[in-house]
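Asks: Could you have a look at this structure, given as structure tokens, before my questions?
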Amino acid sequence: MDVRDELMEHVPRLRRYARALINNRDLADDLVQDTLERALGRTDMFRPGTDLRAWLFTIMHNVFANQARKASAHAVHVTVDDGSIAESEFAVPSSQTRSLEMRDLDYALQRLPLEQREVVLLVGLEEMSYADVALALNIPIGTVMSRLSRGRERLRALMAGTQPGAKLQVVR
């Protein structure tokens with residue numbers, strides 16, 4: 001099978017990771033497209049016999065990091081805390097508990113530092129090995145393990161509401 005054909009098998013994983021990483025469907029799809037475009041343009045750099053998935057996630061990581069650096073140079077700070085909105089405006093029926101849990105998890109993931117979020121998503125969501133994550137992010141395995149440990153701990157604290165700024169849901 002040609003590398004180009006194999007790329008298509010990994011598109012769903014790339015999309016899932018990008019959407020979890022960015023939390024914006026359109027920007028995530030753009031990231032996947034940019035990743036695939038770069039990969040297709042550089043198929044000659046892929047070494048047969050190595051893990052194509054890890055190679056693609058390495059490319060995605062680099063594209064995302066480059067985009068984040070460019071965006072931060074032009075970013076404008078806007079506060080999102082609005083005390084004029086009553087908490088009762090956020091109440092939802094109890095039947096929506098599962099979707100609230102998913103929303104809270106997504107909210108908590110977005111509050112993790114990027115380095116921790118990347119590792120948590122690659123290990124937990126994409127089920128990549130520590131070695132593959134280390135390869136994809138170009139960091140030592142020990143760093144993968146420590147970021148994963150800190151990320152999981154912070155995620156637990158955010159979900160439990162014990163982390164500052166961790167008020168995740170208001171249900172009455």
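Chain labels run A, B, ... following the order of the structure tokens; each chain numbers its residues from 1, and ligands are numbered from 1 in the order shown.
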Using only C-alpha atoms, which protein or nucleic acid residues come within 12 Å of Met8 (chain A)? Drop anything in the same chain fewer than 5 positions from it, and give the result as a CSV table (one decimal) with C-alpha atoms, in the first residue's frame.

Replies:
chain,number,residue,atom,x,y,z
A,1,MET,CA,0.0,0.0,0.0
A,2,ASP,CA,1.3,3.5,-0.9
A,3,VAL,CA,2.0,6.0,1.9
A,13,ARG,CA,-7.7,10.0,14.3
A,14,LEU,CA,-6.2,13.3,13.2
A,15,ARG,CA,-9.6,15.0,13.2
A,32,VAL,CA,-6.0,18.5,9.7
A,33,GLN,CA,-5.9,19.8,6.2
A,36,LEU,CA,-2.2,16.3,5.4
A,37,GLU,CA,-1.0,18.9,2.9
A,39,ALA,CA,2.5,15.2,4.8
A,40,LEU,CA,1.6,14.7,1.2
A,52,LEU,CA,3.0,6.5,10.0
A,53,ARG,CA,0.6,7.5,12.7
A,56,LEU,CA,1.5,12.3,11.1

Asks: Would you list the contacts of Met128 (chain A) as number ranges by chain, taking every protein, DNA or RNA residue within 12 Å and counting only C-alpha atoms, but skipping same-chain residues closer than 4 positions in sequence?

Replies: A: 13, 17, 51, 53-54, 57, 118-124, 132-137, 144

Asks: Between A:Val11, A:Leu31, A:Asp104, A:Glu6, single out the one closest to Pro48 (chain A), counting only C-alpha atoms.

Replies: A:Glu6

Asks: Provide the CA of Asp106 (chain A) to CA of Ala28 (chain A) distance in Å, to one decimal place.

Replies: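 Atom-to-atom, CA of Asp106 (chain A) and CA of Ala28 (chain A) are spaced 14.6 Å apart.
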
Asks: Choose the residue, out of A:Leu7, A:Ile139, A:Leu148, A:Leu109, that has the smallest atom-to-atom separation from Ile22 (chain A); count only C-alpha atoms.

Replies: A:Leu109

Asks: Expressed in Å to a single decimal, how great is the separation between CA of Met159 (chain A) and CA of Glu115 (chain A)?

Replies: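 Pair CA of Met159 (chain A) / CA of Glu115 (chain A) returns 18.8 Å.
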
Asks: Would you mind reading off the distance between CA of Thr35 (chain A) and CA of Tyr130 (chain A), one decimal, in Å?

Replies: 21.7 Å
